[in-house]
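Chemist: For reference, the file final07.cif (mmCIF, C-alpha atoms) is included below:
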```
data_target
loop_
_atom_site.label_atom_id
_atom_site.label_comp_id
_atom_site.auth_asym_id
_atom_site.auth_seq_id
_atom_site.Cartn_x
_atom_site.Cartn_y
_atom_site.Cartn_z
CA MET V 1 15.77 -19.89 11.14
CA THR V 2 13.11 -19.52 13.82
CA ASN V 3 11.69 -16.55 11.89
CA TYR V 4 10.98 -18.94 9.08
CA LEU V 5 9.25 -21.56 11.19
CA LEU V 6 5.97 -19.70 11.54
CA PRO V 7 5.50 -18.85 7.84
CA LEU V 8 6.44 -22.43 6.98
CA ILE V 9 3.71 -23.77 9.28
CA LEU V 10 1.15 -21.20 8.12
CA GLY V 11 2.06 -21.93 4.51
CA ALA V 12 1.68 -25.66 5.10
CA ALA V 13 -1.83 -25.15 6.50
CA PHE V 14 -2.61 -22.92 3.50
CA GLY V 15 -1.33 -25.50 1.01
CA PHE V 16 -3.16 -28.26 2.87
CA SER V 17 -6.46 -26.38 2.51
CA LEU V 18 -5.85 -25.86 -1.22
CA ASN V 19 -5.17 -29.57 -1.62
CA LYS V 20 -8.28 -30.62 0.30
CA ALA V 21 -10.50 -28.17 -1.56
CA GLY V 22 -9.29 -29.72 -4.82
CA LEU V 23 -8.06 -26.38 -6.11
CA THR V 24 -4.83 -27.92 -7.32
CA ARG V 25 -6.71 -29.39 -10.30
CA TYR V 26 -7.09 -27.80 -13.72
CA ALA V 27 -10.77 -28.76 -13.97
CA LYS V 28 -11.73 -27.26 -10.59
CA ILE V 29 -10.31 -23.86 -11.48
CA VAL V 30 -11.56 -23.67 -15.04
CA ASN V 31 -15.04 -25.01 -14.27
CA VAL V 32 -15.79 -22.08 -12.00
CA PHE V 33 -15.50 -19.93 -15.16
CA ARG V 34 -17.94 -22.32 -16.90
CA PHE V 35 -20.34 -22.28 -13.94
CA THR V 36 -20.27 -26.08 -13.75
CA ASP V 37 -18.40 -26.38 -10.42
CA LEU V 38 -18.41 -23.46 -8.04
CA ALA V 39 -16.10 -24.96 -5.39
CA VAL V 40 -13.53 -22.20 -5.96
CA LEU V 41 -16.14 -19.55 -5.25
CA LYS V 42 -17.41 -21.34 -2.12
CA PHE V 43 -13.84 -21.80 -0.88
CA MET V 44 -12.87 -18.18 -1.45
CA MET V 45 -16.05 -16.68 -0.03
CA THR V 46 -15.89 -18.86 3.10
CA ALA V 47 -12.26 -17.92 3.67
CA LEU V 48 -13.14 -14.24 3.25
CA VAL V 49 -16.12 -14.33 5.63
CA VAL V 50 -14.21 -16.25 8.33
CA ALA V 51 -11.08 -14.12 8.04
CA MET V 52 -12.78 -10.72 7.90
CA THR V 53 -14.98 -11.57 10.88
CA GLY V 54 -11.94 -12.68 12.88
CA LEU V 55 -9.81 -9.72 11.88
CA TYR V 56 -12.40 -7.00 12.49
CA VAL V 57 -13.43 -8.52 15.83
CA LEU V 58 -9.80 -8.86 16.96
CA ARG V 59 -9.08 -5.31 15.90
CA GLY V 60 -12.19 -4.13 17.73
CA LEU V 61 -10.87 -5.85 20.87
CA GLY V 62 -7.57 -4.05 20.37
CA TRP V 63 -5.62 -7.31 20.06
CA ILE V 64 -4.29 -6.66 16.55
CA THR V 65 -3.62 -3.81 14.16
CA PHE V 66 -3.98 -4.28 10.43
CA PRO V 67 -0.76 -4.80 8.46
CA ASN V 68 -0.09 -2.94 5.25
CA VAL V 69 -3.44 -3.01 3.41
CA PRO V 70 -3.09 -3.86 -0.33
CA ALA V 71 -3.25 -0.57 -2.22
CA THR V 72 -6.23 0.44 -4.29
CA TYR V 73 -5.30 1.99 -7.66
CA VAL V 74 -8.37 1.33 -9.74
CA ALA V 75 -6.89 1.07 -13.24
CA GLY V 76 -3.99 -1.15 -12.18
CA ASN V 77 -6.11 -3.47 -10.01
CA LEU V 78 -8.52 -3.92 -12.92
CA ILE V 79 -5.93 -4.29 -15.71
CA GLY V 80 -3.86 -6.69 -13.58
CA GLY V 81 -7.01 -8.69 -12.79
CA LEU V 82 -7.93 -8.90 -16.48
CA ILE V 83 -4.45 -10.19 -17.40
CA PHE V 84 -4.49 -12.59 -14.42
CA GLY V 85 -7.86 -14.07 -15.42
CA VAL V 86 -6.54 -14.97 -18.89
CA GLY V 87 -3.62 -16.88 -17.39
CA MET V 88 -5.82 -18.58 -14.81
CA ALA V 89 -8.35 -19.80 -17.39
CA LEU V 90 -5.55 -20.99 -19.67
CA ALA V 91 -3.37 -22.80 -17.15
CA GLY V 92 -5.99 -23.74 -14.54
CA PHE V 93 -3.83 -22.67 -11.64
CA CYS V 94 -2.70 -19.56 -9.81
CA PRO V 95 0.61 -19.02 -7.99
CA GLY V 96 -0.59 -20.60 -4.72
CA THR V 97 -2.35 -23.61 -6.20
CA CYS V 98 0.62 -24.27 -8.49
CA ALA V 99 2.89 -24.44 -5.45
CA ALA V 100 0.51 -26.76 -3.56
CA GLY V 101 0.05 -28.94 -6.65
CA SER V 102 3.84 -29.19 -7.01
CA GLY V 103 3.95 -30.63 -3.52
CA GLU V 104 1.41 -33.28 -4.54
CA GLY V 105 3.91 -34.52 -7.13
CA LYS V 106 2.44 -32.81 -10.20
CA LEU V 107 5.51 -32.34 -12.41
CA ASP V 108 3.48 -30.17 -14.81
CA TYR V 109 3.14 -27.68 -11.99
CA LEU V 110 6.61 -28.13 -10.50
CA ILE V 111 8.57 -27.68 -13.73
CA PRO V 112 6.87 -25.50 -16.40
CA GLY V 113 4.54 -23.93 -13.83
CA MET V 114 7.13 -22.78 -11.29
CA LEU V 115 9.61 -21.82 -14.05
CA GLY V 116 6.87 -19.77 -15.70
CA PHE V 117 6.17 -17.86 -12.49
CA LEU V 118 9.87 -17.15 -12.05
CA THR V 119 10.14 -15.98 -15.68
CA GLY V 120 7.08 -13.77 -15.26
CA ALA V 121 8.60 -12.37 -12.09
CA VAL V 122 11.83 -11.49 -13.92
CA LEU V 123 9.86 -9.83 -16.73
CA PHE V 124 7.75 -7.82 -14.31
CA GLY V 125 10.70 -6.82 -12.15
CA LEU V 126 12.77 -5.63 -15.08
CA THR V 127 9.89 -3.62 -16.63
CA TYR V 128 8.55 -2.34 -13.31
CA GLN V 129 9.96 1.18 -13.70
CA GLN V 130 8.43 1.64 -17.14
CA VAL V 131 5.03 0.12 -16.38
CA PHE V 132 4.04 0.31 -12.75
CA PRO V 133 4.23 4.07 -12.03
CA LEU V 134 1.93 4.65 -15.01
CA VAL V 135 -0.83 2.21 -14.04
CA SER V 136 -0.66 2.88 -10.31
CA LYS V 137 -1.08 6.63 -10.80
CA ILE V 138 -4.68 6.46 -12.04
CA ALA V 139 -7.39 6.69 -9.36
CA ASN V 140 -4.96 5.84 -6.57
CA TYR V 141 -6.67 5.69 -3.17
CA GLY V 142 -3.70 4.21 -1.32
CA ASN V 143 -3.90 1.59 1.42
CA VAL V 144 -7.57 2.12 2.16
CA VAL V 145 -10.36 -0.18 3.36
CA LEU V 146 -14.00 0.13 2.26
CA PRO V 147 -15.52 1.12 5.63
CA ASP V 148 -13.09 4.05 5.89
CA LEU V 149 -13.45 5.06 2.25
CA TRP V 150 -17.24 5.22 2.41
CA ASN V 151 -17.46 6.09 6.07
CA LEU V 152 -19.44 2.98 7.02
CA ASN V 153 -19.60 1.01 10.25
CA PRO V 154 -17.06 -1.81 9.64
CA TYR V 155 -19.08 -4.43 11.53
CA LEU V 156 -22.11 -3.64 9.41
CA VAL V 157 -20.05 -4.15 6.25
CA VAL V 158 -18.71 -7.48 7.54
CA LEU V 159 -22.23 -8.59 8.49
CA LEU V 160 -23.59 -7.55 5.11
CA PHE V 161 -20.77 -9.39 3.33
CA GLY V 162 -21.54 -12.50 5.38
CA LEU V 163 -25.23 -12.32 4.55
CA ILE V 164 -24.53 -11.89 0.83
CA ALA V 165 -22.19 -14.91 0.98
CA VAL V 166 -24.79 -17.06 2.74
CA LEU V 167 -27.46 -16.05 0.23
CA LEU V 168 -25.06 -16.89 -2.60
CA PHE V 169 -24.27 -20.31 -1.06
CA TYR V 170 -28.00 -20.96 -0.63
CA LEU V 171 -28.72 -20.11 -4.25
CA ILE V 172 -25.82 -22.25 -5.45
CA ASP V 173 -26.55 -25.29 -3.28
CA ARG V 174 -30.33 -25.36 -2.84
CA ALA V 175 -31.81 -23.65 -5.82
CA GLY V 176 -29.27 -25.25 -8.15
CA MET V 177 -28.56 -21.93 -9.76
CA PHE V 178 -25.82 -23.31 -11.94
CA ARG V 179 -25.64 -25.63 -14.89
CA LYS V 180 -25.35 -29.31 -14.05
CA LYS V 181 -23.48 -30.28 -17.22
CA ALA V 182 -19.95 -31.42 -16.39
CA MET X 1 -12.15 -38.61 16.96
CA GLU X 2 -12.24 -41.55 14.58
CA SER X 3 -14.59 -39.70 12.24
CA MET X 4 -12.23 -36.74 12.26
CA LYS X 5 -9.36 -39.00 11.24
CA THR X 6 -11.46 -40.37 8.40
CA TYR X 7 -12.30 -36.87 7.29
CA ILE X 8 -8.67 -35.77 7.25
CA ARG X 9 -7.83 -38.75 5.08
CA LYS X 10 -10.52 -37.87 2.55
CA GLU X 11 -9.15 -36.68 -0.77
CA LEU X 12 -11.70 -33.88 -1.14
CA TRP X 13 -13.23 -31.82 1.62
CA SER X 14 -16.26 -29.64 1.48
CA PRO X 15 -15.01 -26.32 0.07
CA TYR X 16 -16.70 -24.63 3.03
CA VAL X 17 -14.56 -26.54 5.53
CA ALA X 18 -11.34 -26.04 3.55
CA GLY X 19 -12.21 -22.36 3.06
CA ALA X 20 -12.76 -21.91 6.80
CA VAL X 21 -9.30 -23.39 7.43
CA LEU X 22 -7.78 -20.87 5.04
CA GLY X 23 -9.72 -18.07 6.73
CA ILE X 24 -8.29 -19.05 10.11
CA VAL X 25 -4.78 -19.22 8.64
CA GLY X 26 -5.30 -15.72 7.22
CA VAL X 27 -6.22 -14.39 10.67
CA LEU X 28 -3.30 -16.19 12.35
CA ALA X 29 -0.84 -14.73 9.83
CA VAL X 30 -1.91 -11.22 10.84
CA TRP X 31 -2.16 -12.02 14.54
CA LEU X 32 1.11 -13.92 14.98
CA SER X 33 3.27 -12.45 12.21
CA ASP X 34 1.68 -9.12 11.30
CA SER X 35 1.83 -10.37 7.72
CA LEU X 36 -0.53 -11.16 4.87
CA LEU X 37 -0.71 -14.44 3.00
CA GLY X 38 0.51 -14.31 -0.59
CA ALA X 39 2.30 -16.25 -3.27
CA SER X 40 3.14 -14.15 -6.32
CA GLY X 41 5.41 -11.81 -4.35
CA ALA X 42 7.63 -14.68 -3.24
CA PHE X 43 8.35 -15.50 -6.89
CA GLU X 44 9.60 -11.92 -7.29
CA ASN X 45 12.00 -12.33 -4.34
CA LEU X 46 13.22 -15.68 -5.72
CA ALA X 47 13.59 -14.24 -9.23
CA GLY X 48 15.76 -11.48 -7.71
CA ILE X 49 17.98 -14.00 -5.92
CA LEU X 50 18.47 -16.08 -9.07
CA GLY X 51 18.85 -12.99 -11.25
CA LYS X 52 21.48 -11.42 -9.02
CA ALA X 53 23.44 -14.67 -9.08
CA ALA X 54 23.32 -14.85 -12.89
CA ALA X 55 23.57 -11.18 -13.94
CA PRO X 56 24.20 -8.90 -10.95
CA GLU X 57 24.27 -5.62 -12.93
CA VAL X 58 20.98 -6.28 -14.71
CA PHE X 59 19.20 -7.04 -11.45
CA ASP X 60 20.77 -4.17 -9.51
CA THR X 61 17.53 -2.19 -9.70
CA MET X 62 15.35 -0.33 -7.24
CA TYR X 63 12.76 -3.07 -7.65
CA PHE X 64 15.00 -6.04 -6.78
CA ASN X 65 16.90 -4.07 -4.12
CA PHE X 66 14.06 -2.44 -2.22
CA ILE X 67 10.53 -3.08 -3.46
CA MET X 68 10.80 -6.85 -3.79
CA PRO X 69 14.25 -7.44 -2.29
CA ALA X 70 16.24 -10.44 -3.49
CA GLU X 71 16.11 -12.27 -0.15
CA ILE X 72 14.46 -15.19 1.58
CA THR X 73 11.53 -13.20 2.94
CA TRP X 74 8.63 -14.27 5.15
CA GLY X 75 6.67 -14.77 1.91
CA VAL X 76 9.30 -17.07 0.41
CA ALA X 77 9.17 -19.26 3.52
CA LEU X 78 5.37 -19.23 3.22
CA LEU X 79 5.64 -20.37 -0.41
CA PHE X 80 7.81 -23.32 0.58
CA GLY X 81 5.25 -24.04 3.28
CA ILE X 82 2.49 -24.12 0.65
CA ILE X 83 4.44 -26.74 -1.31
CA LEU X 84 4.85 -28.75 1.91
CA GLY X 85 1.14 -28.37 2.64
CA GLY X 86 0.23 -29.82 -0.75
CA PHE X 87 2.60 -32.69 0.00
CA PHE X 88 1.05 -33.38 3.43
CA GLY X 89 -2.45 -33.16 2.00
CA ALA X 90 -1.58 -35.69 -0.68
CA LEU X 91 0.05 -37.95 1.93
CA THR X 92 -3.09 -38.02 4.12
CA SER X 93 -5.22 -39.12 1.16
CA ARG X 94 -2.45 -41.37 -0.18
CA THR X 95 -2.54 -39.63 -3.52
CA PHE X 96 1.06 -38.42 -3.59
CA LYS X 97 2.74 -39.52 -6.78
CA PHE X 98 5.14 -37.91 -9.24
CA ARG X 99 3.01 -37.61 -12.34
CA THR X 100 2.23 -35.65 -15.49
CA MET X 101 -0.94 -35.12 -17.54
CA ASP X 102 -3.31 -36.19 -14.76
CA ASP X 103 -6.37 -34.23 -15.84
CA ASP X 104 -8.93 -35.78 -18.20
CA GLN X 105 -10.64 -32.50 -18.93
CA TRP X 106 -7.35 -30.99 -20.06
CA LYS X 107 -6.79 -33.91 -22.46
CA LYS X 108 -10.26 -33.46 -23.90
CA VAL X 109 -9.71 -29.77 -24.54
CA PHE X 110 -6.05 -29.57 -25.55
CA GLY X 111 -5.17 -33.16 -26.48
CA PRO X 112 -2.78 -35.62 -24.81
CA GLN X 113 0.55 -34.05 -25.88
CA LEU X 114 2.73 -33.33 -22.90
CA TRP X 115 4.87 -30.69 -24.69
CA LYS X 116 1.72 -28.71 -25.47
CA ARG X 117 0.62 -28.78 -21.83
CA TRP X 118 4.05 -27.71 -20.63
CA ILE X 119 4.21 -24.79 -23.10
CA LEU X 120 0.70 -23.61 -22.21
CA LEU X 121 1.34 -23.88 -18.45
CA PHE X 122 4.64 -22.04 -18.82
CA VAL X 123 3.01 -19.23 -20.82
CA GLY X 124 -0.01 -19.17 -18.51
CA ALA X 125 2.25 -18.81 -15.47
CA ILE X 126 4.09 -15.87 -17.06
CA ILE X 127 0.77 -14.14 -17.79
CA LEU X 128 -0.43 -14.82 -14.21
CA GLU X 129 2.70 -13.46 -12.57
CA TYR X 130 2.79 -10.36 -14.74
CA GLY X 131 -0.90 -9.66 -14.09
CA ALA X 132 -0.38 -10.16 -10.35
CA GLY X 133 2.52 -7.70 -10.48
CA ILE X 134 0.39 -5.01 -12.11
CA ALA X 135 -2.60 -5.66 -9.84
CA GLY X 136 -0.56 -5.67 -6.64
CA GLY X 137 -1.04 -9.34 -5.75
CA CYS X 138 -2.58 -12.65 -6.80
CA THR X 139 -5.55 -14.72 -5.68
CA SER X 140 -4.03 -15.12 -2.22
CA GLY X 141 -2.06 -11.90 -1.76
CA LEU X 142 -4.74 -9.59 -3.13
CA ALA X 143 -8.11 -11.38 -3.48
CA ILE X 144 -8.02 -13.22 -0.12
CA SER X 145 -5.65 -11.05 1.92
CA GLY X 146 -7.04 -7.77 0.61
CA GLY X 147 -10.64 -8.96 0.64
CA MET X 148 -10.50 -10.04 4.29
CA LEU X 149 -9.41 -6.51 5.20
CA LEU X 150 -12.17 -5.11 2.93
CA ALA X 151 -9.69 -3.40 0.61
CA PRO X 152 -11.50 -2.19 -2.53
CA ALA X 153 -8.48 -3.33 -4.58
CA ALA X 154 -9.39 -6.96 -3.85
CA PHE X 155 -12.93 -6.69 -5.15
CA LEU X 156 -11.86 -4.81 -8.28
CA PHE X 157 -9.30 -7.57 -8.89
CA ILE X 158 -11.78 -10.41 -8.28
CA GLY X 159 -14.34 -8.83 -10.62
CA ALA X 160 -11.82 -8.30 -13.41
CA MET X 161 -10.34 -11.77 -12.94
CA PHE X 162 -13.73 -13.48 -13.24
CA MET X 163 -14.66 -11.39 -16.26
CA SER X 164 -11.57 -12.21 -18.29
CA GLY X 165 -11.50 -15.78 -16.93
CA ILE X 166 -15.03 -16.39 -18.22
CA LEU X 167 -14.26 -14.79 -21.60
CA THR X 168 -11.03 -16.76 -22.01
CA THR X 169 -12.80 -20.02 -21.13
CA LEU X 170 -15.52 -19.17 -23.67
CA VAL X 171 -12.89 -18.74 -26.36
CA ILE X 172 -11.04 -21.95 -25.42
CA TYR X 173 -14.16 -24.13 -25.06
CA ARG X 174 -16.29 -22.49 -27.77
CA ARG X 175 -19.23 -24.83 -28.45
CA SER X 176 -18.60 -27.11 -25.51
CA TYR X 177 -18.67 -24.19 -23.06
#
```
As structure tokens, please, write out the structure in this file.

Modeler:
Amino acid sequence: MTNYLLPLILGAAFGFSLNKAGLTRYAKIVNVFRFTDLAVLKFMMTALVVAMTGLYVLRGLGWITFPNVPATYVAGNLIGGLIFGVGMALAGFCPGTCAAGSGEGKLDYLIPGMLGFLTGAVLFGLTYQQVFPLVSKIANYGNVVLPDLWNLNPYLVVLLFGLIAVLLFYLIDRAGMFRKKA
Amino acid sequence: MESMKTYIRKELWSPYVAGAVLGIVGVLAVWLSDSLLGASGAFENLAGILGKAAAPEVFDTMYFNFIMPAEITWGVALLFGIILGGFFGALTSRTFKFRTMDDDQWKKVFGPQLWKRWILLFVGAIILEYGAGIAGGCTSGLAISGGMLLAPAAFLFIGAMFMSGILTTLVIYRRSY
């Protein structure tokens, strides 16, 4: 039971942040695809900049090692992303925000949403052998990270990513580089 | 201190603040648990548990035995935590309420019928989970957790997701896009 305490607490903080960012709402998710509300983008980019800075610094200090890095297999990552985007634009949630929204009392998320994810999981699991080896074979680079793949200084990449994010935030917030129409 | 309390009770935070919280959680998950945040994988574990209970032979596969084992994993506990987190968040802003059809924009686009919303959300969730399976993770397990490690997979996924998300929204909204 104690092994489950930590992920429960971490998950609760995760769900709390999704709730406070408003990502448990259909409109918030879909409007990022319409460029009328870029909160999702700001939320994701901030999380990425904070986390990658923390992780690369902690690894540099020798305090942590990276866990299993998500594998890069170009065709599968892209095809999966294309399928995922269709579902996200249609439903206005993703697996994490559906779970957090269920906790807020949204029965639309708790019942058809969660049942849909379970059904999709059954379908994927039962077709895994036929589908996955095929798509994961093409351009498979394994569990690689960009700085290693391109032989770049990791801190430079993190810094560059941070600068790009800040520039993006500046353009979004100050220059009003998105449509105001709701 | 008082202003912090007021902020916690607010229904909506700045996405920068909420995003920073998620970033810290992502670091802590690696630091304390040597694990990555995720959500779609937990549904695979749960599907295995339910499937093995209902039809043990059908679910006696390499996938549900080894790749995504039918057990209460770290990720499953995390998923329950996410639900709890949504609950706590809603409690602090006093917005917790069992409800359906709470989005005006949805009603404008798809109409007020509840059955239609439930069918579309059910289908959408199936598409999402299948896509996440192919890609190797979802918005949290791949985009955030992979991106924070600078895995190319994450950026390929994010690019593809935005591309098809924008196209799908264009089709759904047509003139009112």

Chemist: List as a list in words the protein and nucleic acid residues near segment 17-25 of chain X, meaning an atom at most 8 Å away when all atoms listed in the file are counted, but skip any in the same chain fewer than 3 places from it.

Modeler: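 Returned residues: Leu10, Ala13, Phe14, Ser17, Leu18, Lys20, Ala21, Lys42, Phe43, Met44, Met45, Thr46, Ala47, Leu48, Val49, Val50, Ala51 and Gly54 of chain V; Trp13, Ser14, Leu28 and Ala29 of chain X.
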
Chemist: On this structure, which residues satisfy the PyMOL selection byres ((chain X and resi 90-103) around 6), written as JSON, numbers by chain?

Modeler: {"V": [104, 105, 106, 107, 108], "X": [9, 10, 11, 87, 88, 89, 104, 105, 106]}

Chemist: Quick one: everything within 9 Å of Asn31 of chain V, counting only C-alpha atoms, minus sequence neighbours fewer than 6 positions away in the same chain. Send it as a list in words.

Modeler: Asp37, Leu38, Ala39, Val40 and Ala182 of chain V; Thr169 of chain X

Chemist: Counting all atoms listed in the file, figure out which residue out of V:Gly142, V:Pro70, V:Gly22, V:Pro95 gets nearest to Gly116 of chain V.

Modeler: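 Closest to Gly116 of chain V of all the choices is V:Pro95.
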
Chemist: Report the distance between atom CA of Gly159 of chain X and atom CA of Gln129 of chain V in Å, rounded to one decimal place.

Modeler: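 Taking atom CA of Gly159 of chain X and atom CA of Gln129 of chain V, their separation equals 26.5 Å.
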
Chemist: If you apply the PyMOL selection byres ((chain X and resi 118) around 12) to this file, what residues do you get, as a PDB file with C-alpha atoms, keeping the file's coordinate frame?

Modeler:
```
ATOM      1  CA  LEU V  90      -5.550 -20.990 -19.670  1.00  0.00           C
ATOM      2  CA  ALA V  91      -3.370 -22.800 -17.150  1.00  0.00           C
ATOM      3  CA  LYS V 106       2.440 -32.810 -10.200  1.00  0.00           C
ATOM      4  CA  LEU V 107       5.510 -32.340 -12.410  1.00  0.00           C
ATOM      5  CA  ASP V 108       3.480 -30.170 -14.810  1.00  0.00           C
ATOM      6  CA  TYR V 109       3.140 -27.680 -11.990  1.00  0.00           C
ATOM      7  CA  LEU V 110       6.610 -28.130 -10.500  1.00  0.00           C
ATOM      8  CA  ILE V 111       8.570 -27.680 -13.730  1.00  0.00           C
ATOM      9  CA  PRO V 112       6.870 -25.500 -16.400  1.00  0.00           C
ATOM     10  CA  GLY V 113       4.540 -23.930 -13.830  1.00  0.00           C
ATOM     11  CA  MET V 114       7.130 -22.780 -11.290  1.00  0.00           C
ATOM     12  CA  LEU V 115       9.610 -21.820 -14.050  1.00  0.00           C
ATOM     13  CA  GLY V 116       6.870 -19.770 -15.700  1.00  0.00           C
TER      14      GLY V 116
ATOM     15  CA  THR X 100       2.230 -35.650 -15.490  1.00  0.00           C
ATOM     16  CA  MET X 101      -0.940 -35.120 -17.540  1.00  0.00           C
ATOM     17  CA  TRP X 106      -7.350 -30.990 -20.060  1.00  0.00           C
ATOM     18  CA  PHE X 110      -6.050 -29.570 -25.550  1.00  0.00           C
ATOM     19  CA  PRO X 112      -2.780 -35.620 -24.810  1.00  0.00           C
ATOM     20  CA  GLN X 113       0.550 -34.050 -25.880  1.00  0.00           C
ATOM     21  CA  LEU X 114       2.730 -33.330 -22.900  1.00  0.00           C
ATOM     22  CA  TRP X 115       4.870 -30.690 -24.690  1.00  0.00           C
ATOM     23  CA  LYS X 116       1.720 -28.710 -25.470  1.00  0.00           C
ATOM     24  CA  ARG X 117       0.620 -28.780 -21.830  1.00  0.00           C
ATOM     25  CA  ILE X 119       4.210 -24.790 -23.100  1.00  0.00           C
ATOM     26  CA  LEU X 120       0.700 -23.610 -22.210  1.00  0.00           C
ATOM     27  CA  LEU X 121       1.340 -23.880 -18.450  1.00  0.00           C
ATOM     28  CA  PHE X 122       4.640 -22.040 -18.820  1.00  0.00           C
ATOM     29  CA  VAL X 123       3.010 -19.230 -20.820  1.00  0.00           C
ATOM     30  CA  GLY X 124      -0.010 -19.170 -18.510  1.00  0.00           C
ATOM     31  CA  ALA X 125       2.250 -18.810 -15.470  1.00  0.00           C
TER      32      ALA X 125
END
```

Chemist: Which residue gives the smallest distance to Ala99 of chain V among X:Trp74, X:Phe80, X:Tyr173, X:Phe64, with all atoms listed in the file counted?

Modeler: X:Phe80

Chemist: With only C-alpha atoms as the basis for distance, which of V:Leu159, V:Leu5, V:Ile83, V:Ile29 is at the shortest distance from chain X?

Modeler: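 Using only C-alpha atoms, the shortest distance to chain X belongs to V:Ile83.
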
Chemist: With distances taken over all atoms listed in the file, which of V:Gly62, V:Gly11, V:Pro154, V:Gly92 is nearest to chain X?

Modeler: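 Closest to chain X, using all atoms listed in the file: V:Gly11.
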
Chemist: Suppose you want the space between atom CA of Ile9 of chain V and atom CA of Leu12 of chain X; what is it in Å?

Modeler: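 Calculated distance between atom CA of Ile9 of chain V and atom CA of Leu12 of chain X is 21.2 Å.
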
Chemist: Compare X:Ile158, X:Thr139, X:Gly85, X:Tyr7 by their minimum atom-to-atom distance to chain V, counting only C-alpha atoms, and give me the closest one.

Modeler: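 Using only C-alpha atoms, the shortest distance to chain V belongs to X:Gly85.
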
Chemist: Evaluate the PyMOL selection byres ((chain X and resi 44) around 10) and record the selected residues as a PyMOL selection string, following the chain and residue labels used in the document.

Modeler: (chain V and resi 117-125) or (chain X and resi 39-43+45-50+63-64+67-71+76+129+133)

Chemist: In Å to one decimal, how far is atom CA of Ile83 of chain X from atom CA of Gly111 of chain X?

Modeler: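 If I compute the distance from atom CA of Gly111 of chain X to atom CA of Ile83 of chain X, I get 27.7 Å.
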
Chemist: For Cys94 of chain V, find every residue with an atom within 7 Å (counting all atoms listed in the file), except residues of its own chain fewer than 4 positions away, and show them as a PyMOL selection string.

Modeler: (chain V and resi 88+98) or (chain X and resi 128+139)

Chemist: Applying 10 Å and all atoms listed in the file, which residues near Val145 of chain V remain after dropping the ones on its own chain fewer than 5 positions away? List them as a ChimeraX atom specification.

Modeler: /V:69-72,150-151,154 /X:146-154

Chemist: Please, could you write that set of residues out with C-alpha atoms as a PDB file, in the coordinates of the input?

Modeler:
```pdb
ATOM      1  CA  VAL V  69      -3.440  -3.010   3.410  1.00  0.00           C
ATOM      2  CA  PRO V  70      -3.090  -3.860  -0.330  1.00  0.00           C
ATOM      3  CA  ALA V  71      -3.250  -0.570  -2.220  1.00  0.00           C
ATOM      4  CA  THR V  72      -6.230   0.440  -4.290  1.00  0.00           C
ATOM      5  CA  TRP V 150     -17.240   5.220   2.410  1.00  0.00           C
ATOM      6  CA  ASN V 151     -17.460   6.090   6.070  1.00  0.00           C
ATOM      7  CA  PRO V 154     -17.060  -1.810   9.640  1.00  0.00           C
TER       8      PRO V 154
ATOM      9  CA  GLY X 146      -7.040  -7.770   0.610  1.00  0.00           C
ATOM     10  CA  GLY X 147     -10.640  -8.960   0.640  1.00  0.00           C
ATOM     11  CA  MET X 148     -10.500 -10.040   4.290  1.00  0.00           C
ATOM     12  CA  LEU X 149      -9.410  -6.510   5.200  1.00  0.00           C
ATOM     13  CA  LEU X 150     -12.170  -5.110   2.930  1.00  0.00           C
ATOM     14  CA  ALA X 151      -9.690  -3.400   0.610  1.00  0.00           C
ATOM     15  CA  PRO X 152     -11.500  -2.190  -2.530  1.00  0.00           C
ATOM     16  CA  ALA X 153      -8.480  -3.330  -4.580  1.00  0.00           C
ATOM     17  CA  ALA X 154      -9.390  -6.960  -3.850  1.00  0.00           C
TER      18      ALA X 154
END
```

Chemist: Of the candidates V:Met52, V:Leu41, V:Leu61, V:Val135, which one gets nearest to chain X if we count only C-alpha atoms?

Modeler: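 The shortest atom-to-atom distance to chain X comes from V:Met52.
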
Chemist: Just segment 152-159 of chain X from the block, N, CA and C atoms, as a PDB file, in the first residue's frame, could you?

Modeler:
```pdb
ATOM      1  N   PRO X 152      12.906  12.939 -28.924  1.00  0.00           N
ATOM      2  CA  PRO X 152      12.339  13.379 -30.207  1.00  0.00           C
ATOM      3  C   PRO X 152      10.903  12.894 -30.393  1.00  0.00           C
ATOM      4  N   ALA X 153      10.603  11.693 -29.878  1.00  0.00           N
ATOM      5  CA  ALA X 153       9.259  11.123 -29.999  1.00  0.00           C
ATOM      6  C   ALA X 153       8.193  12.123 -29.561  1.00  0.00           C
ATOM      7  N   ALA X 154       8.473  12.843 -28.463  1.00  0.00           N
ATOM      8  CA  ALA X 154       7.487  13.771 -27.913  1.00  0.00           C
ATOM      9  C   ALA X 154       7.172  14.889 -28.897  1.00  0.00           C
ATOM     10  N   PHE X 155       8.192  15.412 -29.543  1.00  0.00           N
ATOM     11  CA  PHE X 155       7.972  16.562 -30.422  1.00  0.00           C
ATOM     12  C   PHE X 155       7.320  16.143 -31.734  1.00  0.00           C
ATOM     13  N   LEU X 156       7.632  14.922 -32.196  1.00  0.00           N
ATOM     14  CA  LEU X 156       6.937  14.377 -33.359  1.00  0.00           C
ATOM     15  C   LEU X 156       5.453  14.229 -33.028  1.00  0.00           C
ATOM     16  N   PHE X 157       5.184  13.687 -31.843  1.00  0.00           N
ATOM     17  CA  PHE X 157       3.803  13.464 -31.404  1.00  0.00           C
ATOM     18  C   PHE X 157       3.043  14.782 -31.276  1.00  0.00           C
ATOM     19  N   ILE X 158       3.664  15.769 -30.626  1.00  0.00           N
ATOM     20  CA  ILE X 158       3.000  17.066 -30.423  1.00  0.00           C
ATOM     21  C   ILE X 158       2.683  17.715 -31.780  1.00  0.00           C
ATOM     22  N   GLY X 159       3.643  17.672 -32.702  1.00  0.00           N
ATOM     23  CA  GLY X 159       3.428  18.256 -34.024  1.00  0.00           C
ATOM     24  C   GLY X 159       2.266  17.600 -34.749  1.00  0.00           C
TER      25      GLY X 159
END
```
